[in-house]
Structures are given as structure tokens and as C-alpha cells.
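Comments concern the structure below.
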Amino acid sequence: MRKFGLTLAAASMLVAATTTAQAAGRDYISMVGSSTVYPFSTSVAEQFGKTTKFKTPKIESTGTGGGMKLFCAGAGTDTPDLTNASRRMKKSEMATCQKNGVKEVTEIKVGYDGIVVANSKKAPQFKVSRKDLYLALAKVVPSPDGAEKLVENPYKTWKDVNKSLPADKIEVLGPPPTSGTRDAFVELVMDEGCSEYGFVKAMKKVDKKKFKAACRTVREDGGYIEAGENDNLIVQKLEANPRSLGIFGFSFLDQNADKIHGSIIDGSEPTFENIADGSYVVSRPLFIYVKNAHVGVIPGIKEFLAEYTSDRAWGEEGYLAEKGLIPAPKAEQKKYADIAKNLTPVVLD
């Protein structure tokens with residue numbers, strides 16, 4: 001049975017959400033999630049607040065995983081309306097959403113980003129491979145004696161990993177496990193470096209869990225330092241210690257290009273052009289997710305999405321490109337602008 005184009009269940013949930021909204025009196029958009037997407041969504045929120053009758057949305061940087069947890073906690077004004085994500089929503093997260101009454105979610109790909117491994121300009125630019133990064137950062141690695149077995153990571157300096165690298169102590173500041181940047185880094189860098197070892201790559205077909213544990217578990221002996229979700233803090237620490245490296249999204253490199261430079265990874269430098277044309281090997285899509293039940297309850301959500309998906313925002317000459325967002329191809333932008341306009345619910349494949 002349908003009521004004004006909604007299923008009866010959806011209509012009931014909308015009424016419940018409306019009642020909650022009226023009781024709580026929230027009249028602004030609440031958005032959480034990825035620290036990488038945060039500066040882009042903040043820019044849209046500021047523009048939206050200046051140019052419309054609606055209040056400026058409140059954006060919080062919680063990390064992708066933390067944002068999904070808050071977003072999927074339920075429907076109602078005590079939960080966020082949107083969440084930023086620097087990776088795609090997981091099926092397990094969608095299952096949590098569904099279980100907690102968040103039945104319809106719209107997924108909008110807002111553009112692309114590169115993950116950079118950067119260091120202070122006070123030190124030389126790094127040139128590494130994904131294999132080097134895996135060997136430097138994994139908890140267990142293939143035995144240095146060539147035996148086909150995994151051992152606790154013995155490498156203390158970059159020179160231990162690769163004789164062409166400096167004899168500096170391995171010290172990499174990076175995001176915590178709740179971060180989409182961390183998820184993307186282990187998949188795009190660690191998995192790839194790990195797979196260069198045939199016996200480890202073979203695990204993927206036999207035991208995927210074992211492969212992931214071997215390739216994606218980060219060392220905990222000081223070589224990798226969790227620096228929280230504040231990427232600006234990582235930049236500050238890199239300046240204080242020029243021998244350390246930091247992992248974060250391209251936009252933070254772009255905004256701090258006077259202080260830090262990105263490492264060349266597998267022969268490719270993290271530049272706007274290289275990420276846009278796909279030649280930079282560590283790039284990924286960025287998303288925002290919308291709780292459909294909150295549209296029409298919390299004022300301004302549809303209008304906020306219209307601003308976000310406008311050419312003046314995410315276009316090639318848009319203000320988000322100036323912030324470091326890599327615009328999606330025109331056809332992809334049209335696809336997701338239509339999805340945003342129609343609030344087409346996502347189906348995760």
C-alpha cells in the first residue's frame with residue numbers, strides 16, 4: 001500500500017521523524033563523518049548559509065567509520081541527517097542502518113581524492129613503492145631471508161626496507177582504524193605491496209581473512225603512529241619532525257604546499273592532474289550519504305544537495321576544486337546530480 005508515493009512503513013517513519021523534529025525543534029542540517037570530505041562539505045555549508053534563507057549546516061569531523069555509526073544509529077533529530085565518507089558505505093553499515101530504522105539512504109559520489117604520503121620540505125622528497133610502504137608499515141612481513149613465511153616486522157629504518165632509501169627511522173603518522181583514509185590506504189597501498197609476494201597473494205584465493213590479516217594489520221611498535229582524525233595536526237607534526245612522514249588526503253597537501261611535499265609512489269607524483277587522469281596510483285572516490293526520512297523534516301536538505309551538486313561547487317572551475325577536490329567526469333556528475341535531486345536510494349552491490 002502506498003500513501004502519496006511512499007510505502008506505508010516509510011510514511012509512518014516520516015510522521016514519527018516529523019513529530020520528533022517538531023519536539024526537538026532542530027532547524028539546521030547536521031552532518032558528520034570523514035575528515036577528508038569535511039573541508040569540502042564545510043565550504044558548501046558556508047556558501048549555503050550565506051546565499052539561502054536556511055541556517056548554516058553544522059558539520060563535524062568524526063572519521064568515516066565514526067560518522068557511519070552515528071548516521072546509522074536511527075531516524076530522528078537526535079541523529080545526523082548526512083554523513084561524509086572517504087570510502088563507500090560497507091554492507092555491514094547498511095545492515096546496521098536498516099536494523100535501526102534508517103531504511104532509505106541516498107549515496108552521492110562528490111568527486112575524487114588522492115591519498116598522499118608526505119613529509120616536510122625541510123627534508124628531501126621521498127620516492128617509494130607500494131611494496132616499500134607495505135614492508136615499512138605492516139605488523140608481519142615476508143621473512144627477509146627469502147623463506148615463504150611471515151615474521152614480525154624487523155625493519156627499523158627505511159634503508160632496511162630498501163637500500164636506495166635514507167637511513168632514517170621509520171616513523172609514519174597516520175589515521176586510526178575508524179578513518180576511511182586508513183581503510184583506503186591499506187586497500188590501495190598495503191594490499192598491492194603485499195601481493196607482490198606470490199605466497200602471500202595466493203592466500204587471497206584460499207583464505208581471504210588470512211590475506212587481509214597479513215596485509216592490512218599495521219605495526220604497533222612505534223613505526224606507525226595513530227594521529228587521530230585531525231589532519232592539520234599531522235601537518236604540524238611533520239614540520240616539527242622533518243624525518244617523519246604523514247598519511248592524509250590530497251586536499252591537505254594542496255593547502256599546505258608551502259610546508260610539505262607528497263612522496264612519489266611507484267613513479268607517480270600526487271598532483272591534481274595525475275589524480276584526475278588516474279595515473280596517480282593511490283586515488284579514491286569520495287561520498288556523502290543522505291538519510292531520506294529527514295528530507296522535508298529538517299529544513300534545507302534538498303537545497304543543500306542542490307548546492308553541493310551544482311557546477312559552481314563541484315565543477316572543474318568550482319570552489320571545491322580550489323579546495324583540492326578532484327572533480328568527477330561530467331557524465332558521472334550528471335548521474336549523481338540526478339540521484340541527489342530524486343533522492344534515489346542506494347543498493348549496495
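In the C-alpha cells, chains take the letters A, B, ... in the order shown, each chain's residues start at 1, and ligands count up from 1 in the order shown.
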
For Gly111 of chain A: contacts at 6 Å, only C-alpha atoms, fewer than 2 positions along chain excluded, given as a PDB file with C-alpha atoms, in the first residue's frame:
```pdb
ATOM      1  CA  LYS A 109      29.777  10.493  -5.190  1.00  0.00           C
ATOM      2  CA  PRO A 285      36.219   8.353  -4.708  1.00  0.00           C
ATOM      3  CA  LEU A 286      34.581  10.492  -2.008  1.00  0.00           C
ATOM      4  CA  ILE A 326      39.270  16.378  -7.921  1.00  0.00           C
ATOM      5  CA  PRO A 327      36.062  16.797  -9.973  1.00  0.00           C
ATOM      6  CA  ALA A 328      34.371  13.682 -11.353  1.00  0.00           C
TER       7      ALA A 328
END
```

Residues near Thr157 of chain A, cut-off 10 Å, only C-alpha atoms, skip fewer than 4 positions along chain, as a tab-separated table (two decimals) with C-alpha atoms, in the first residue's frame:
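Once written, selection-v6.tsv looks like this:
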```tsv
chain	number	residue	atom	x	y	z
A	136	ALA	CA	57.71	-0.46	6.43
A	161	VAL	CA	63.43	-1.79	3.72
A	162	ASN	CA	65.16	-0.61	0.54
A	163	LYS	CA	68.86	0.24	0.24
A	165	LEU	CA	66.08	4.92	0.78
A	166	PRO	CA	67.56	7.07	3.59
A	167	ALA	CA	68.75	5.56	6.87
A	168	ASP	CA	66.03	7.46	8.77
A	169	LYS	CA	63.98	5.74	11.43
A	170	ILE	CA	60.56	4.59	10.16
A	171	GLU	CA	58.02	6.94	11.72
A	223	GLY	CA	56.78	2.68	13.27
```

* To do: Considering only C-alpha atoms, return as a ChimeraX atom specification whatever protein or nucleic-acid residues lie within 9 Å of Lys259 of chain A, sequence-local ones (same chain, fewer than 4 positions apart) excluded.
  => /A:119-122,235,238-239,253

Within 6 Å of segment 207-219 of chain A: each segment 133-198 of chain A residue with its shortest pair, only C-alpha atoms, as CSV:
```
residue,atom,partner,partner_atom,distance
A:Leu137,CA,A:Val218,CA,5.7
A:Ala138,CA,A:Val218,CA,4.6
A:Lys139,CA,A:Arg219,CA,3.8
A:Val186,CA,A:Arg216,CA,5.5
A:Met190,CA,A:Cys215,CA,5.9
A:Asp191,CA,A:Cys215,CA,5.6
A:Cys194,CA,A:Cys215,CA,5.7
```

* as number ranges by chain, please: all residues of segment 101-257 of chain A that backbone DSSP puts in helix (DSSP H, G or I). => A: 130-137, 158-161, 180-194, 198-201, 203-206, 208-216, 231-240, 250-255

Go through segment 39-86 of chain A residue by residue and, counting only C-alpha atoms, keep those with an atom at most 7 Å from segment 178-181 of chain A; for each kept residue give the shortest atom pair and its distance in Å to one decimal, ordered by chain and increasing number, as a Markdown table.
```
| residue | atom | partner | partner_atom | distance |
| --- | --- | --- | --- | --- |
| A:Gly63 | CA | A:Ser179 | CA | 4.8 |
| A:Thr64 | CA | A:Gly180 | CA | 5.0 |
| A:Gly65 | CA | A:Thr178 | CA | 4.6 |
| A:Gly66 | CA | A:Thr178 | CA | 6.1 |
| A:Ala85 | CA | A:Gly180 | CA | 6.6 |
| A:Ser86 | CA | A:Gly180 | CA | 4.9 |
```

Just want the 9 Å neighbourhood of Ala276 of chain A, counted on only C-alpha atoms, with same-chain residues fewer than 4 positions away dropped. Output as a compact mmCIF listing (two decimals) with C-alpha atoms, in the first residue's frame.
```txt
# COMPACT_ATOMS: atom_id res chain seq x y z
CA TYR A 112 37.88 12.09 -6.15
CA ASP A 113 40.87 12.41 -3.88
CA THR A 271 49.23 16.26 -8.27
CA PHE A 272 45.74 17.45 -9.19
CA TYR A 280 48.46 8.53 -9.55
CA SER A 283 43.35 7.68 -5.57
CA ILE A 326 39.27 16.38 -7.92
CA PRO A 327 36.06 16.80 -9.97
CA ALA A 328 34.37 13.68 -11.35
CA PRO A 329 33.83 13.39 -15.13
```

* **Per-residue DSSP, segment 205-345 of chain A, filtered to strand (DSSP E or B), as a ChimeraX atom specification** => /A:218,224-226,245-249,260-262,264-265,268,283-291,295,298,326,345

* Asked: Any idea what's packed within 12 Å of Ser310 of chain A, counting only C-alpha atoms, ignoring anything in its chain fewer than 2 positions away? Could you give it as a PyMOL selection string?
  -> chain A and resi 44+47-48+110+303-308+312-320+327+330+333-334+336-338+340-341

* Return the single residue from A:Glu187, A:Val172, A:Asp258, A:Leu245 that is closest to Asp221 of chain A, with distances computed using only C-alpha atoms. =>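 Answer, going by the shortest atom-to-atom distance: A:Val172.
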
* **For atom CA of Glu152 of chain A and atom CA of Arg130 of chain A, the interatomic separation in Å (one decimal)** =>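 Straight-line distance from atom CA of Glu152 of chain A to atom CA of Arg130 of chain A works out to 18.9 Å.
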
* To do: Just the residues within 8 Å of Met68 of chain A, please, counting only C-alpha atoms, with nothing from its chain fewer than 6 positions along; format it as a PyMOL selection string.
  => chain A and resi 33+83+89+93

* Asked: Rounded to one decimal in Å, what is the spacing between atom CA of Glu107 of chain A and atom CA of Asp349 of chain A?
  -> 12.7 Å

* **Surrounding residues of Val37 of chain A excluding itself and chain neighbours under 2 positions, 9 Å, only C-alpha atoms, as a list in words** => Gly33, Ser34, Ser35, Pro39, Phe40, Ser41, Thr42, Ser61, Asn84, Ala85, Ser86, Gly249, Leu286, Phe287, Ile288 and Leu325 of chain A

Can you write out the residues you just picked, keeping N, CA and C atoms, as a compact mmCIF listing (two decimals), in the first residue's frame?
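Output below, filename selection-v1.txt:
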```
# COMPACT_ATOMS: atom_id res chain seq x y z
N GLY A 33 31.14 12.71 9.88
CA GLY A 33 31.90 11.82 9.01
C GLY A 33 33.33 12.21 8.70
N SER A 34 33.78 11.80 7.55
CA SER A 34 35.17 11.83 7.10
C SER A 34 35.88 13.17 7.28
N SER A 35 37.09 13.11 7.82
CA SER A 35 37.91 14.32 7.95
C SER A 35 38.40 14.79 6.58
N PRO A 39 36.44 19.38 4.81
CA PRO A 39 36.65 20.75 4.29
C PRO A 39 35.77 21.07 3.08
N PHE A 40 35.45 20.05 2.28
CA PHE A 40 34.59 20.28 1.12
C PHE A 40 33.15 20.56 1.57
N SER A 41 32.65 19.73 2.47
CA SER A 41 31.28 19.92 2.96
C SER A 41 31.15 21.22 3.75
N THR A 42 32.22 21.58 4.46
CA THR A 42 32.21 22.84 5.21
C THR A 42 32.12 24.03 4.25
N SER A 61 33.72 16.61 12.15
CA SER A 61 34.71 15.66 11.64
C SER A 61 34.87 14.52 12.64
N ASN A 84 29.64 12.28 5.73
CA ASN A 84 30.71 12.29 4.74
C ASN A 84 31.47 10.97 4.82
N ALA A 85 31.97 10.50 3.68
CA ALA A 85 32.72 9.24 3.69
C ALA A 85 33.83 9.26 2.64
N SER A 86 35.01 8.85 3.05
CA SER A 86 36.13 8.79 2.11
C SER A 86 36.33 7.36 1.60
N GLY A 249 44.64 13.00 3.03
CA GLY A 249 44.09 13.27 1.72
C GLY A 249 44.83 14.38 0.99
N LEU A 286 35.10 9.94 -3.25
CA LEU A 286 34.58 10.49 -2.01
C LEU A 286 33.05 10.57 -2.10
N PHE A 287 32.39 10.38 -0.96
CA PHE A 287 30.93 10.29 -0.95
C PHE A 287 30.30 11.14 0.15
N ILE A 288 29.01 11.45 -0.05
CA ILE A 288 28.16 11.87 1.06
C ILE A 288 26.92 10.98 1.02
N LEU A 325 39.46 19.32 -4.15
CA LEU A 325 38.63 18.21 -4.64
C LEU A 325 38.94 17.97 -6.12
```

* Asked: Any idea what the distance is between atom CA of Leu150 of chain A and atom CA of Phe185 of chain A?
  ->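 Here the two named atoms are 21.0 Å from each other.
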
* Structure fact -> If you count only C-alpha atoms, the residue of A:Ala293, A:Glu226, A:Trp158, A:Ala118 closest to Asn256 of chain A turns out to be A:Ala118
